[in-house]
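Participant: What follows is the file model-v8.tsv, containing TSV, N, CA and C atoms:
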chain	number	residue	atom	x	y	z
A	1	MET	N	-16.30	28.20	10.29
A	1	MET	CA	-15.27	28.96	9.62
A	1	MET	C	-15.75	29.29	8.20
A	2	ALA	N	-15.25	30.40	7.67
A	2	ALA	CA	-15.63	30.82	6.32
A	2	ALA	C	-15.02	29.88	5.29
A	3	ASP	N	-15.57	29.90	4.07
A	3	ASP	CA	-14.97	29.08	3.03
A	3	ASP	C	-13.63	29.66	2.59
A	4	ASP	N	-12.83	28.87	1.87
A	4	ASP	CA	-11.48	29.26	1.49
A	4	ASP	C	-11.43	30.53	0.66
A	5	SER	N	-12.48	30.84	-0.10
A	5	SER	CA	-12.47	32.04	-0.93
A	5	SER	C	-12.52	33.30	-0.09
A	6	ALA	N	-12.92	33.20	1.17
A	6	ALA	CA	-13.01	34.36	2.04
A	6	ALA	C	-11.82	34.42	3.00
A	7	LEU	N	-10.73	33.72	2.67
A	7	LEU	CA	-9.58	33.68	3.55
A	7	LEU	C	-8.36	34.29	2.88
A	8	ASN	N	-7.54	34.95	3.68
A	8	ASN	CA	-6.23	35.39	3.25
A	8	ASN	C	-5.22	34.50	3.96
A	9	GLN	N	-4.09	34.31	3.34
A	9	GLN	CA	-3.06	33.47	3.93
A	9	GLN	C	-1.86	34.33	4.29
A	10	VAL	N	-1.33	34.13	5.50
A	10	VAL	CA	-0.11	34.80	5.95
A	10	VAL	C	0.91	33.70	6.21
A	11	THR	N	2.03	33.77	5.51
A	11	THR	CA	3.10	32.80	5.69
A	11	THR	C	4.29	33.52	6.30
A	12	VAL	N	4.75	33.00	7.44
A	12	VAL	CA	5.88	33.60	8.16
A	12	VAL	C	7.06	32.64	8.03
A	13	THR	N	8.19	33.16	7.54
A	13	THR	CA	9.43	32.40	7.48
A	13	THR	C	10.34	32.95	8.58
A	14	PHE	N	10.74	32.08	9.48
A	14	PHE	CA	11.57	32.48	10.60
A	14	PHE	C	13.05	32.42	10.23
A	15	THR	N	13.88	33.08	11.02
A	15	THR	CA	15.31	33.14	10.73
A	15	THR	C	15.97	31.77	10.75
A	16	ASP	N	15.38	30.81	11.46
A	16	ASP	CA	15.95	29.45	11.48
A	16	ASP	C	15.46	28.60	10.30
A	17	GLY	N	14.65	29.19	9.41
A	17	GLY	CA	14.18	28.49	8.22
A	17	GLY	C	12.82	27.83	8.36
A	18	THR	N	12.29	27.73	9.57
A	18	THR	CA	10.96	27.14	9.72
A	18	THR	C	9.90	28.09	9.17
A	19	VAL	N	8.80	27.51	8.74
A	19	VAL	CA	7.71	28.27	8.12
A	19	VAL	C	6.41	27.95	8.85
A	20	GLN	N	5.62	28.99	9.13
A	20	GLN	CA	4.30	28.81	9.74
A	20	GLN	C	3.29	29.58	8.89
A	21	THR	N	2.18	28.93	8.57
A	21	THR	CA	1.15	29.56	7.75
A	21	THR	C	-0.11	29.75	8.58
A	22	PHE	N	-0.73	30.91	8.43
A	22	PHE	CA	-1.97	31.25	9.12
A	22	PHE	C	-3.01	31.64	8.08
A	23	GLN	N	-4.27	31.38	8.38
A	23	GLN	CA	-5.35	31.86	7.52
A	23	GLN	C	-6.14	32.90	8.31
A	24	LEU	N	-6.47	33.98	7.64
A	24	LEU	CA	-7.22	35.08	8.24
A	24	LEU	C	-8.49	35.33	7.44
A	25	PRO	N	-9.58	35.68	8.12
A	25	PRO	CA	-10.77	36.09	7.38
A	25	PRO	C	-10.43	37.31	6.52
A	26	GLU	N	-11.01	37.35	5.35
A	26	GLU	CA	-10.74	38.47	4.44
A	26	GLU	C	-11.17	39.80	5.03
A	27	SER	N	-12.19	39.81	5.84
A	27	SER	CA	-12.71	41.06	6.39
A	27	SER	C	-11.91	41.49	7.61
A	28	GLN	N	-10.75	42.09	7.36
A	28	GLN	CA	-9.90	42.63	8.42
A	28	GLN	C	-9.94	44.15	8.41
A	29	GLY	N	-10.98	44.72	7.84
A	29	GLY	CA	-11.11	46.16	7.73
A	29	GLY	C	-11.15	46.58	6.28
A	30	ASP	N	-11.49	47.85	6.05
A	30	ASP	CA	-11.53	48.34	4.67
A	30	ASP	C	-10.11	48.54	4.14
A	31	GLU	N	-10.01	48.92	2.87
A	31	GLU	CA	-8.71	49.03	2.21
A	31	GLU	C	-7.79	50.02	2.89
A	32	VAL	N	-8.31	51.16	3.32
A	32	VAL	CA	-7.48	52.17	3.97
A	32	VAL	C	-6.98	51.66	5.32
A	33	GLN	N	-7.85	50.97	6.05
A	33	GLN	CA	-7.44	50.39	7.33
A	33	GLN	C	-6.36	49.34	7.12
A	34	MET	N	-6.49	48.51	6.09
A	34	MET	CA	-5.49	47.49	5.82
A	34	MET	C	-4.14	48.12	5.50
A	35	ALA	N	-4.12	49.16	4.70
A	35	ALA	CA	-2.87	49.83	4.36
A	35	ALA	C	-2.23	50.40	5.63
A	36	SER	N	-3.04	50.96	6.51
A	36	SER	CA	-2.54	51.50	7.77
A	36	SER	C	-2.00	50.39	8.66
A	37	ARG	N	-2.71	49.27	8.71
A	37	ARG	CA	-2.25	48.14	9.53
A	37	ARG	C	-0.94	47.57	9.01
A	38	ILE	N	-0.79	47.50	7.71
A	38	ILE	CA	0.47	47.01	7.13
A	38	ILE	C	1.60	47.96	7.47
A	39	ARG	N	1.35	49.25	7.38
A	39	ARG	CA	2.39	50.25	7.73
A	39	ARG	C	2.80	50.08	9.19
A	40	HIS	N	1.83	49.92	10.09
A	40	HIS	CA	2.15	49.72	11.51
A	40	HIS	C	2.92	48.42	11.71
A	41	LEU	N	2.54	47.38	10.99
A	41	LEU	CA	3.24	46.10	11.09
A	41	LEU	C	4.70	46.27	10.68
A	42	MET	N	4.94	47.03	9.62
A	42	MET	CA	6.30	47.25	9.13
A	42	MET	C	7.15	47.98	10.17
A	43	GLU	N	6.54	48.73	11.06
A	43	GLU	CA	7.25	49.51	12.08
A	43	GLU	C	7.26	48.82	13.45
A	44	SER	N	6.60	47.69	13.56
A	44	SER	CA	6.39	47.03	14.84
A	44	SER	C	7.55	46.11	15.23
A	45	ASN	N	7.66	45.84	16.52
A	45	ASN	CA	8.64	44.89	17.03
A	45	ASN	C	8.09	43.47	17.07
A	46	PHE	N	6.77	43.33	16.93
A	46	PHE	CA	6.12	42.03	17.02
A	46	PHE	C	5.06	41.89	15.94
A	47	LEU	N	4.88	40.66	15.45
A	47	LEU	CA	3.72	40.29	14.66
A	47	LEU	C	2.74	39.71	15.67
A	48	ALA	N	1.58	40.31	15.83
A	48	ALA	CA	0.59	39.87	16.81
A	48	ALA	C	-0.60	39.24	16.10
A	49	LEU	N	-0.93	38.01	16.49
A	49	LEU	CA	-2.04	37.28	15.90
A	49	LEU	C	-2.90	36.70	17.00
A	50	GLU	N	-4.21	36.81	16.83
A	50	GLU	CA	-5.14	36.14	17.75
A	50	GLU	C	-5.53	34.84	17.07
A	51	THR	N	-5.28	33.73	17.76
A	51	THR	CA	-5.59	32.42	17.20
A	51	THR	C	-6.04	31.48	18.30
A	52	ASP	N	-7.10	30.74	18.05
A	52	ASP	CA	-7.62	29.79	19.03
A	52	ASP	C	-7.83	30.44	20.39
A	53	GLN	N	-8.34	31.65	20.38
A	53	GLN	CA	-8.61	32.43	21.59
A	53	GLN	C	-7.35	32.69	22.41
A	54	LYS	N	-6.20	32.74	21.73
A	54	LYS	CA	-4.92	33.06	22.35
A	54	LYS	C	-4.28	34.20	21.57
A	55	LEU	N	-3.47	35.00	22.24
A	55	LEU	CA	-2.69	36.04	21.58
A	55	LEU	C	-1.30	35.49	21.34
A	56	LEU	N	-0.88	35.48	20.09
A	56	LEU	CA	0.43	34.98	19.70
A	56	LEU	C	1.27	36.18	19.29
A	57	LEU	N	2.37	36.41	19.98
A	57	LEU	CA	3.29	37.51	19.66
A	57	LEU	C	4.59	36.91	19.12
A	58	LEU	N	4.91	37.23	17.89
A	58	LEU	CA	6.12	36.73	17.25
A	58	LEU	C	7.10	37.89	17.11
A	59	PRO	N	8.26	37.83	17.78
A	59	PRO	CA	9.23	38.92	17.67
A	59	PRO	C	9.75	39.07	16.24
A	60	MET	N	9.74	40.28	15.72
A	60	MET	CA	10.17	40.52	14.35
A	60	MET	C	11.64	40.13	14.14
A	61	TYR	N	12.48	40.20	15.18
A	61	TYR	CA	13.88	39.84	15.00
A	61	TYR	C	14.05	38.34	14.73
A	62	ASN	N	13.01	37.55	14.96
A	62	ASN	CA	13.04	36.12	14.65
A	62	ASN	C	12.42	35.80	13.29
A	63	ILE	N	11.96	36.83	12.58
A	63	ILE	CA	11.25	36.62	11.31
A	63	ILE	C	12.11	37.12	10.15
A	64	ARG	N	12.29	36.25	9.17
A	64	ARG	CA	13.04	36.62	7.96
A	64	ARG	C	12.12	37.23	6.92
A	65	ALA	N	10.86	36.70	6.81
A	65	ALA	CA	9.94	37.19	5.79
A	65	ALA	C	8.50	36.93	6.21
A	66	ILE	N	7.60	37.81	5.76
A	66	ILE	CA	6.16	37.64	5.95
A	66	ILE	C	5.52	37.81	4.57
A	67	GLU	N	4.72	36.83	4.17
A	67	GLU	CA	4.03	36.88	2.88
A	67	GLU	C	2.53	36.88	3.12
A	68	VAL	N	1.83	37.84	2.53
A	68	VAL	CA	0.37	37.92	2.62
A	68	VAL	C	-0.18	37.65	1.23
A	69	SER	N	-1.08	36.67	1.14
A	69	SER	CA	-1.61	36.27	-0.15
A	69	SER	C	-3.12	36.06	-0.04
A	70	PRO	N	-3.90	36.63	-0.91
A	70	PRO	CA	-3.50	37.58	-1.95
A	70	PRO	C	-3.14	38.93	-1.33
A	71	ALA	N	-2.35	39.70	-2.05
A	71	ALA	CA	-1.96	41.02	-1.57
A	71	ALA	C	-3.19	41.91	-1.48
A	72	PRO	N	-3.29	42.72	-0.42
A	72	PRO	CA	-4.40	43.68	-0.35
A	72	PRO	C	-4.36	44.64	-1.54
A	73	SER	N	-5.51	45.09	-1.98
A	73	SER	CA	-5.55	45.99	-3.14
A	73	SER	C	-5.01	47.37	-2.80
A	74	LYS	N	-5.13	47.80	-1.55
A	74	LYS	CA	-4.60	49.09	-1.11
A	74	LYS	C	-3.39	48.82	-0.24
A	75	LEU	N	-2.25	49.37	-0.62
A	75	LEU	CA	-1.00	49.16	0.09
A	75	LEU	C	-0.39	50.49	0.50
A	76	PRO	N	0.47	50.50	1.53
A	76	PRO	CA	1.14	51.75	1.89
A	76	PRO	C	1.94	52.28	0.70
A	77	ASP	N	2.13	53.59	0.64
A	77	ASP	CA	2.83	54.18	-0.50
A	77	ASP	C	4.31	53.82	-0.55
A	78	THR	N	4.84	53.20	0.50
A	78	THR	CA	6.24	52.77	0.49
A	78	THR	C	6.45	51.44	-0.22
A	79	VAL	N	5.35	50.76	-0.58
A	79	VAL	CA	5.44	49.45	-1.24
A	79	VAL	C	5.68	49.65	-2.74
A	80	LEU	N	6.71	48.99	-3.26
A	80	LEU	CA	6.99	49.00	-4.69
A	80	LEU	C	6.09	47.93	-5.32
A	81	LYS	N	5.25	48.36	-6.24
A	81	LYS	CA	4.24	47.47	-6.81
A	81	LYS	C	4.71	46.84	-8.12
A	82	HIS	N	4.06	45.73	-8.45
A	82	HIS	CA	4.24	45.00	-9.71
A	82	HIS	C	5.67	44.46	-9.87
A	83	ALA	N	6.32	44.12	-8.76
A	83	ALA	CA	7.65	43.51	-8.83
A	83	ALA	C	7.51	42.09	-9.37
A	84	VAL	N	8.52	41.65	-10.08
A	84	VAL	CA	8.56	40.30	-10.63
A	84	VAL	C	9.75	39.59	-10.02
A	85	ILE	N	9.49	38.42	-9.43
A	85	ILE	CA	10.58	37.64	-8.83
A	85	ILE	C	11.31	36.91	-9.94
A	86	THR	N	12.62	37.09	-10.00
A	86	THR	CA	13.45	36.37	-10.95
A	86	THR	C	14.43	35.52	-10.17
A	87	GLU	N	14.70	34.35	-10.67
A	87	GLU	CA	15.59	33.43	-9.94
A	87	GLU	C	16.81	33.11	-10.73
Any chance you could put this one into structure tokens?
Facilitator:
Amino acid sequence: MADDSALNQVTVTFTDGTVQTFQLPESQGDEVQMASRIRHLMESNFLALETDQKLLLLPMYNIRAIEVSPAPSKLPDTVLKHAVITE
């Protein structure tokens, strides 16, 4: 496996409050491809992940939030950038 500096983290929070974290290799395509993949994900009924040689399909209606860290440098134009979380 690659070192931690070459990994992105995806954290999924489900509607029941449980949280699952996945690590992905940073090389998931170029910046334009990543923006396109994020746009498709936003329109999809499922979050699809290949893990341990298995396909994992998570229904979006069971997901409250998806966090990708670090954020890709190229994002779809529908994303509002530089937001600050206030509590």
Participant: To one decimal place, how far is atom C of Leu24 in chain A from atom C of Ser69 in chain A in Å?
Facilitator: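 Atom C of Leu24 in chain A sits 9.2 Å away from atom C of Ser69 in chain A.
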Participant: Quick one, how far is CA of Met60 in chain A from CA of Gln9 in chain A?
Facilitator: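 If I compute the distance from CA of Met60 in chain A to CA of Gln9 in chain A, I get 18.3 Å.
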Participant: Can you pull out the residues contacting range 41-49 of chain A? Cut-off 5 Å, using all atoms listed in the file, and skip same-chain residues under 3 positions away; I want them as a list in words.
Facilitator: Arg37, Ile38, Leu55, Leu56, Leu57, Leu58, Pro59 and Met60 of chain A
Participant: Would you list the contacts of Asn8 in chain A as a count of residues only, taking every protein, DNA or RNA residue within 6 Å and counting all atoms listed in the file, but skipping same-chain residues closer than 3 positions in sequence?
Facilitator: 7
Participant: Do you have the CA of Val19 in chain A-CA of Thr51 in chain A distance handy?
Facilitator: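 A separation of 16.6 Å between them.
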Participant: Check the DSSP output for the backbone and give back, as a ChimeraX atom specification, the residues of chain A in helix (DSSP H, G or I).
Facilitator: /A:4-6,31-43,60-62
Participant: Ranking A:Gly17, A:Val10, A:Val68, A:Pro76 by minimum distance to Ala35 in chain A and counting only N, CA and C atoms, which one comes first?
Facilitator: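 Of all the options, A:Pro76 lies closest to Ala35 in chain A.
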Participant: Step one, run DSSP on the backbone; step two, keep only residues of chain A assigned to strand (DSSP E); then write them as a PyMOL selection string.
Facilitator: chain A and resi 7-14+19-25+46-51+54-59+63-69
